[in-house]
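Student: The following file, start.txt, comprises compact mmCIF, C-alpha atoms and all ligand atoms:
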```txt
# COMPACT_ATOMS: atom_id res chain seq x y z
CA MET P 1 0.00 0.00 0.00
CA GLU P 2 1.13 3.46 -0.83
CA ARG P 3 2.62 5.45 2.07
CA ILE P 4 1.18 8.92 2.19
CA HIS P 5 3.85 11.47 2.97
CA SER P 6 1.90 14.41 1.63
CA ALA P 7 -1.64 15.22 0.59
CA GLU P 8 -2.81 18.72 -0.12
CA PHE P 9 -5.84 20.46 -1.56
CA LEU P 10 -4.98 22.09 -4.89
CA ARG P 11 -8.11 23.71 -6.25
CA SER P 12 -11.81 23.60 -6.85
CA ALA P 13 -13.04 23.98 -10.44
CA THR P 14 -16.63 24.77 -11.38
CA THR P 15 -15.96 25.24 -15.11
CA ALA P 16 -13.63 23.59 -17.61
CA LYS P 17 -11.36 26.61 -17.84
CA ASP P 18 -10.33 26.00 -14.23
CA PHE P 19 -9.37 22.35 -14.76
CA LEU P 20 -5.73 21.49 -14.14
CA PRO P 21 -3.88 20.24 -17.26
CA PRO P 22 -4.35 16.44 -17.31
CA THR P 23 -0.92 16.00 -18.87
CA GLU P 24 0.94 17.25 -15.78
CA ARG P 25 0.14 14.40 -13.37
CA PRO P 26 -1.73 11.11 -13.46
CA GLU P 27 -5.29 11.63 -12.21
CA VAL P 28 -7.51 9.29 -10.23
CA ALA P 29 -11.14 10.45 -10.38
CA PHE P 30 -13.81 9.35 -7.89
CA VAL P 31 -17.40 9.26 -9.17
CA GLY P 32 -20.68 8.14 -7.67
CA ARG P 33 -24.11 9.03 -6.41
CA SER P 34 -24.40 11.94 -4.08
CA ASN P 35 -23.85 10.77 -0.49
CA VAL P 36 -22.26 7.45 -1.58
CA GLY P 37 -19.16 8.28 0.46
CA LYS P 38 -16.69 9.73 -2.08
CA SER P 39 -15.17 12.35 0.18
CA SER P 40 -14.98 9.90 3.11
CA LEU P 41 -13.22 7.34 0.90
CA LEU P 42 -10.72 9.95 -0.27
CA ASN P 43 -9.91 10.96 3.30
CA THR P 44 -9.52 7.30 4.26
CA LEU P 45 -7.17 6.52 1.36
CA LEU P 46 -5.12 9.60 2.15
CA ARG P 47 -5.18 8.97 5.88
CA ARG P 48 -6.48 12.44 6.59
CA LYS P 49 -9.48 13.22 8.74
CA ALA P 50 -11.06 16.01 6.77
CA LEU P 51 -9.05 16.93 3.71
CA ALA P 52 -12.06 16.37 1.45
CA ARG P 53 -15.19 17.81 3.03
CA THR P 54 -17.79 15.27 4.01
CA SER P 55 -21.37 15.86 4.98
CA SER P 56 -24.56 14.11 5.91
CA THR P 57 -26.33 16.55 3.55
CA PRO P 58 -26.24 15.11 0.02
CA GLY P 59 -25.04 17.26 -2.84
CA ARG P 60 -22.34 18.88 -0.80
CA THR P 61 -19.48 18.61 -3.27
CA GLN P 62 -20.52 20.75 -6.28
CA ALA P 63 -17.16 21.25 -7.91
CA VAL P 64 -14.26 19.24 -9.27
CA ASN P 65 -11.86 19.21 -6.31
CA TYR P 66 -8.21 18.41 -6.90
CA PHE P 67 -5.76 17.02 -4.35
CA LEU P 68 -2.05 16.44 -4.86
CA VAL P 69 -0.83 13.15 -3.38
CA ASN P 70 2.85 12.46 -2.62
CA ASP P 71 3.83 15.17 -5.12
CA ARG P 72 3.14 12.58 -7.76
CA LEU P 73 -0.52 12.02 -8.59
CA ARG P 74 -3.82 13.83 -8.29
CA PHE P 75 -6.98 12.64 -6.65
CA VAL P 76 -10.12 14.23 -8.01
CA ASP P 77 -13.32 14.36 -5.96
CA LEU P 78 -16.22 14.84 -8.38
CA PRO P 79 -19.70 16.17 -7.58
CA GLY P 80 -22.19 13.38 -6.98
CA TYR P 81 -25.12 12.55 -9.24
CA GLY P 82 -28.70 11.67 -8.45
CA TYR P 83 -29.39 14.28 -5.82
CA ALA P 84 -33.18 14.68 -6.03
CA LYS P 85 -33.48 18.24 -4.77
CA ILE P 86 -31.16 19.77 -7.34
CA SER P 87 -32.68 22.21 -9.88
CA ARG P 88 -32.89 21.41 -13.57
CA THR P 89 -30.37 24.14 -14.38
CA ASP P 90 -27.92 22.80 -11.81
CA ARG P 91 -28.37 19.31 -13.17
CA GLN P 92 -27.50 20.53 -16.67
CA LYS P 93 -24.48 22.40 -15.30
CA TRP P 94 -23.36 19.23 -13.55
CA ALA P 95 -23.71 17.13 -16.72
CA ARG P 96 -21.73 19.69 -18.70
CA LEU P 97 -18.98 19.78 -16.08
CA MET P 98 -18.71 15.96 -16.08
CA ASP P 99 -18.65 15.78 -19.91
CA ASP P 100 -15.93 18.43 -20.03
CA TYR P 101 -13.93 16.74 -17.29
CA PHE P 102 -13.99 13.21 -18.69
CA GLU P 103 -13.43 14.30 -22.28
CA SER P 104 -10.35 16.19 -21.15
CA VAL P 105 -8.79 13.52 -18.90
CA LEU P 106 -9.69 10.15 -20.42
CA PRO P 107 -7.37 10.50 -23.43
CA HIS P 108 -4.58 10.84 -20.85
CA ALA P 109 -5.35 7.51 -19.22
CA ALA P 110 -6.92 8.85 -16.05
CA VAL P 111 -8.04 6.17 -13.60
CA VAL P 112 -11.77 6.25 -12.87
CA VAL P 113 -13.12 4.83 -9.62
CA ILE P 114 -16.91 4.30 -9.54
CA LEU P 115 -18.41 4.15 -6.06
CA ILE P 116 -21.66 2.28 -5.45
CA ASP P 117 -23.43 2.05 -2.10
CA ALA P 118 -23.17 -1.57 -0.88
CA LYS P 119 -26.43 -1.29 1.04
CA VAL P 120 -28.39 0.21 -1.89
CA ARG P 121 -26.70 -2.25 -4.29
CA GLY P 122 -26.76 -0.02 -7.35
CA THR P 123 -29.40 2.10 -9.06
CA ASP P 124 -30.32 2.94 -12.66
CA LEU P 125 -28.20 6.06 -12.33
CA ASP P 126 -25.17 3.96 -11.39
CA ARG P 127 -25.80 1.80 -14.45
CA GLN P 128 -26.06 4.88 -16.68
CA ALA P 129 -22.93 6.45 -15.21
CA ASN P 130 -21.02 3.24 -15.84
CA GLU P 131 -22.29 2.90 -19.43
CA TYR P 132 -21.36 6.51 -20.10
CA LEU P 133 -17.84 6.17 -18.71
CA VAL P 134 -17.18 2.88 -20.48
CA SER P 135 -18.44 4.40 -23.75
CA LEU P 136 -15.84 7.15 -23.34
CA GLY P 137 -13.12 4.50 -23.05
CA ALA P 138 -12.70 4.28 -19.25
CA ASN P 139 -11.78 0.99 -17.61
CA PRO P 140 -13.20 1.77 -14.17
CA ILE P 141 -12.35 0.35 -10.77
CA TYR P 142 -15.57 -0.52 -8.90
CA VAL P 143 -15.97 0.05 -5.19
CA ALA P 144 -18.90 -0.96 -2.96
CA THR P 145 -18.92 1.72 -0.23
CA LYS P 146 -20.25 1.52 3.34
CA ILE P 147 -19.66 -2.25 3.28
CA ASP P 148 -19.73 -2.16 7.10
CA LYS P 149 -23.52 -1.85 6.79
CA VAL P 150 -23.80 -5.25 5.10
CA PRO P 151 -23.34 -8.24 7.42
CA ARG P 152 -20.45 -10.47 6.32
CA SER P 153 -22.78 -13.39 5.67
CA GLN P 154 -24.67 -11.31 3.06
CA ARG P 155 -21.75 -9.73 1.24
CA VAL P 156 -21.27 -12.22 -1.59
CA LYS P 157 -24.97 -11.99 -2.39
CA ALA P 158 -24.99 -8.19 -2.08
CA LEU P 159 -22.07 -7.82 -4.50
CA ARG P 160 -23.65 -10.24 -6.95
CA GLU P 161 -26.84 -8.20 -6.92
CA LEU P 162 -24.87 -4.96 -7.25
CA ARG P 163 -23.05 -6.25 -10.35
CA GLN P 164 -26.36 -7.23 -11.92
CA ARG P 165 -28.01 -3.88 -11.27
CA VAL P 166 -25.07 -1.87 -12.54
CA GLY P 167 -24.68 -4.15 -15.58
CA LEU P 168 -21.25 -5.55 -14.70
CA ALA P 169 -19.97 -8.98 -15.68
CA ALA P 170 -20.33 -11.67 -12.99
CA GLU P 171 -16.54 -11.95 -12.72
CA GLN P 172 -15.93 -8.18 -12.48
CA PRO P 173 -13.91 -7.43 -9.32
CA VAL P 174 -15.66 -5.06 -6.89
CA VAL P 175 -13.72 -3.76 -3.88
CA GLY P 176 -15.75 -3.77 -0.66
CA PHE P 177 -14.79 -0.61 1.21
CA SER P 178 -15.58 1.10 4.48
CA ALA P 179 -14.39 4.47 5.71
CA THR P 180 -15.65 3.43 9.14
CA THR P 181 -13.70 0.17 9.51
CA GLN P 182 -10.96 0.93 6.92
CA GLU P 183 -11.74 -2.28 5.11
CA GLY P 184 -10.64 -2.40 1.49
CA VAL P 185 -8.02 0.35 1.75
CA LYS P 186 -5.11 -1.90 0.77
CA GLU P 187 -7.04 -3.58 -1.99
CA LEU P 188 -8.13 -0.29 -3.52
CA TRP P 189 -4.59 1.12 -3.46
CA ARG P 190 -3.44 -2.07 -5.17
CA GLU P 191 -6.06 -1.64 -7.92
CA ILE P 192 -5.08 2.00 -8.46
CA ALA P 193 -1.38 1.09 -8.68
CA ALA P 194 -2.12 -1.74 -11.12
CA ARG P 195 -4.00 0.62 -13.47
CA GLN P 196 -1.08 3.04 -13.44
CA GLU P 197 1.54 0.40 -14.14
CA GLY P 198 -0.46 -0.49 -17.23
CA HIS P 199 0.58 2.81 -18.85
N1 LIG L 1 -21.45 3.54 7.77
C1 LIG L 1 -20.70 4.25 6.91
N2 LIG L 1 -21.04 5.53 6.61
C2 LIG L 1 -20.27 6.21 5.72
C3 LIG L 1 -19.13 5.62 5.11
N3 LIG L 1 -18.59 6.53 4.26
C4 LIG L 1 -19.34 7.64 4.36
N4 LIG L 1 -20.36 7.48 5.24
C5 LIG L 1 -21.38 8.50 5.59
O1 LIG L 1 -22.13 8.83 4.43
C6 LIG L 1 -22.41 10.24 4.38
C7 LIG L 1 -21.90 10.85 3.09
O2 LIG L 1 -20.49 10.76 3.04
P1 LIG L 1 -19.62 11.71 2.07
O3 LIG L 1 -18.24 11.18 2.10
O4 LIG L 1 -19.81 13.15 2.41
O5 LIG L 1 -20.32 11.40 0.66
P2 LIG L 1 -20.07 12.08 -0.78
O6 LIG L 1 -20.24 11.00 -1.77
O7 LIG L 1 -18.78 12.81 -0.78
O8 LIG L 1 -21.30 13.08 -0.87
P3 LIG L 1 -21.48 14.36 -1.84
O9 LIG L 1 -20.22 15.16 -1.77
O10 LIG L 1 -22.66 15.04 -1.27
O11 LIG L 1 -21.75 13.84 -3.21
C8 LIG L 1 -21.77 10.84 5.64
O12 LIG L 1 -22.76 10.93 6.64
C9 LIG L 1 -20.71 9.82 6.01
O13 LIG L 1 -20.41 9.79 7.38
C10 LIG L 1 -18.80 4.25 5.46
O14 LIG L 1 -17.84 3.63 4.98
N5 LIG L 1 -19.62 3.62 6.37
MG MG L 2 -18.33 14.77 -1.26
```
Go ahead and express the file in the form of structure tokens.
Ligand SMILES: Nc1nc2c(ncn2[C@@H]2O[C@H](COP(=O)(O)OP(=O)(O)OP(=O)(O)O)[C@@H](O)[C@H]2O)c(=O)[nH]1
Ligand SMILES: [Mg+2]

Tutor:
Amino acid sequence: MERIHSAEFLRSATTAKDFLPPTERPEVAFVGRSNVGKSSLLNTLLRRKALARTSSTPGRTQAVNYFLVNDRLRFVDLPGYGYAKISRTDRQKWARLMDDYFESVLPHAAVVVILIDAKVRGTDLDRQANEYLVSLGANPIYVATKIDKVPRSQRVKALRELRQRVGLAAEQPVVGFSATTQEGVKELWREIAARQEGH
């Protein structure tokens, strides 16, 4: 597992002109439904308590937030999708921001991590997000968040159901992860490193 000697917030971008050049550093982008636990997962991977802001109010992260890790790679916390109380205009702004972001980074082999709530086991929006990212050429890492909420005896079944709902192959690896118990941290770092060695 990667040792974290430094992790710092770089910037928040709400439009494409504020994106950092994807050619400078390898980027690892975290995507998922609002409230799925993206910011918590980032803090857990980086061993920081509150570098990325977390909240019990969904829709909290509304910008593309960049973090520099070990002076080497960037972690990118993306705004969540599927927040019901968002206005139509904000939803369109969000879609535009995501299109701009992925179209700019994917040609540079960015790693995409899709987070899916282990308890919810995937929704239509998760399936659409996955189809969209795969259609743009991403080879995502899949993470089932909040796995602490699923009893161990039900996990195999829960992940099987999650794969079905999101439209993943039965043999697709899915990392069970918990910010609460720190489960899955090593495994996720291993997956991220493996994607980077591929380039
Ligand atoms: N039980 C449990 N709760 C978690 C876990 N990770 C996050 N949570 C809780 O889920 C809620 C949302 O977490 P965030 O990390 O803010 O989620 P997010 O995906 O960044 O949310 P947005 O920025 O609004 O899209 C918070 O109340 C967290 O405490 C986990 O592993 N286990
Ligand atoms: Mg967040």

Student: Please build the interface table for chain P against ligand LIG 1 (chain L) with a cut-off of 9 Å, listing for each qualifying residue the nearest atom pair and the distance in Å to one decimal; count all atoms listed in the file, order rows by chain and increasing number, and write it as a Markdown table.

Tutor:
```
| residue | atom | partner | partner_atom | distance |
| --- | --- | --- | --- | --- |
| P:Val31 | CA | L:LIG1 | O6 | 8.1 |
| P:Gly32 | CA | L:LIG1 | O6 | 6.6 |
| P:Arg33 | CA | L:LIG1 | O11 | 6.2 |
| P:Ser34 | CA | L:LIG1 | O11 | 3.4 |
| P:Asn35 | CA | L:LIG1 | O8 | 3.5 |
| P:Val36 | CA | L:LIG1 | O6 | 4.1 |
| P:Gly37 | CA | L:LIG1 | O5 | 3.3 |
| P:Lys38 | CA | L:LIG1 | O6 | 3.8 |
| P:Ser39 | CA | L:LIG1 | O7 | 3.8 |
| P:Ser40 | CA | L:LIG1 | O3 | 3.6 |
| P:Leu41 | CA | L:LIG1 | N3 | 6.4 |
| P:Leu42 | CA | L:LIG1 | O3 | 8.0 |
| P:Asn43 | CA | L:LIG1 | O3 | 8.4 |
| P:Ala52 | CA | L:LIG1 | O7 | 7.9 |
| P:Arg53 | CA | L:LIG1 | O4 | 6.6 |
| P:Thr54 | CA | L:LIG1 | O4 | 3.3 |
| P:Ser55 | CA | L:LIG1 | O4 | 4.0 |
| P:Ser56 | CA | L:LIG1 | O12 | 3.7 |
| P:Thr57 | CA | L:LIG1 | O10 | 6.2 |
| P:Pro58 | CA | L:LIG1 | O10 | 3.8 |
| P:Gly59 | CA | L:LIG1 | O10 | 3.6 |
| P:Arg60 | CA | L:LIG1 | O10 | 3.9 |
| P:Thr61 | CA | L:LIG1 | O9 | 3.8 |
| P:Gln62 | CA | L:LIG1 | O9 | 7.2 |
| P:Asp77 | CA | L:LIG1 | O7 | 7.7 |
| P:Leu78 | CA | L:LIG1 | O11 | 7.6 |
| P:Pro79 | CA | L:LIG1 | O11 | 5.4 |
| P:Gly80 | CA | L:LIG1 | O11 | 3.8 |
| P:Tyr81 | CA | L:LIG1 | O11 | 7.0 |
| P:Gly82 | CA | L:LIG1 | O11 | 9.0 |
| P:Tyr83 | CA | L:LIG1 | O11 | 8.1 |
| P:Leu115 | CA | L:LIG1 | O6 | 8.3 |
| P:Thr145 | CA | L:LIG1 | O14 | 5.7 |
| P:Lys146 | CA | L:LIG1 | O14 | 3.6 |
| P:Ile147 | CA | L:LIG1 | O14 | 6.4 |
| P:Asp148 | CA | L:LIG1 | N5 | 5.8 |
| P:Lys149 | CA | L:LIG1 | N1 | 5.9 |
| P:Phe177 | CA | L:LIG1 | O14 | 6.4 |
| P:Ser178 | CA | L:LIG1 | O14 | 3.4 |
| P:Ala179 | CA | L:LIG1 | O14 | 3.6 |
| P:Thr180 | CA | L:LIG1 | O14 | 4.7 |
| P:Thr181 | CA | L:LIG1 | O14 | 7.0 |
| P:Gln182 | CA | L:LIG1 | O14 | 7.6 |
| P:Glu183 | CA | L:LIG1 | O14 | 8.5 |
```

Student: What is the distance between atom CA of Asp99 of chain P and atom CA of Leu10 of chain P, in Å to one decimal?

Tutor: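 If I compute the distance from atom CA of Asp99 of chain P to atom CA of Leu10 of chain P, I get 21.3 Å.
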
Student: Name the residues, using the chain letters and numbers of the file, that sit within 12 Å of (-12.7, 27.0, -15.2) when counting all atoms listed in the file, and give them as a PyMOL selection string.

Tutor: chain P and resi 11-21+63-65+97+100-101

Student: Using all atoms listed in the file, which of P:Val105, P:Val111, P:Leu46, P:Leu68 sits nearest Ala194 of chain P?

Tutor: P:Val111

Student: Between P:Gly167, P:Glu8, P:Val113, P:Ala118, which has the minimum distance to Glu131 of chain P (counting all atoms listed in the file)?

Tutor: P:Gly167

Student: As an exercise, work out the distance from atom CA of Val112 of chain P to atom CA of Pro151 of chain P in Å and give it to one decimal place.

Tutor: 27.5 Å

Student: Name the closest residue to ligand MG 2 (chain L) among the candidates P:Leu51, P:Ile86, P:Leu73, P:Val150; distances are taken between atoms, counting all atoms listed in the file.

Tutor: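 Smallest separation from ligand MG 2 (chain L) among the options: P:Leu51.
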
Student: May I have the centre and edge lengths, in Å to one decimal, of an axis-aligned box around the listed atoms of segment 102-108 of chain P with 3 Å added to every side, as AutoDock Vina command-line options?

Tutor:
```
--center_x -9.3 --center_y 13.2 --center_z -21.1 --size_x 15.4 --size_y 12.0 --size_z 10.7
```

Student: Pick the closest to Asp117 of chain P from P:Arg96, P:Arg91, P:Arg165, P:Lys85: which is it, counting all atoms listed in the file?

Tutor: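 For Asp117 of chain P, the nearest of the candidates is P:Arg165.
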
Student: When you draw a straight line from atom CA of Pro173 of chain P to atom CA of Val134 of chain P, how long is it in Å?

Tutor: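 Atom-to-atom, atom CA of Pro173 of chain P and atom CA of Val134 of chain P are spaced 15.5 Å apart.
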
Student: Could you check the closest approach to ligand MG 2 (chain L) for each of P:Val69, P:Ala50, P:Ala158, P:Ala7 and tell me which residue wins, using all atoms listed in the file?

Tutor: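 Of the candidates, the smallest distance to ligand MG 2 (chain L) is held by P:Ala50.
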
Student: Go through P:Ala110, P:Met98, P:Ile4, P:Val28 one by one, measure the shortest atom-to-atom distance of each to Asn70 of chain P using all atoms listed in the file, and give the residue with the smallest value.

Tutor: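 Residue with the minimum atom-to-atom distance to Asn70 of chain P: P:Ile4.
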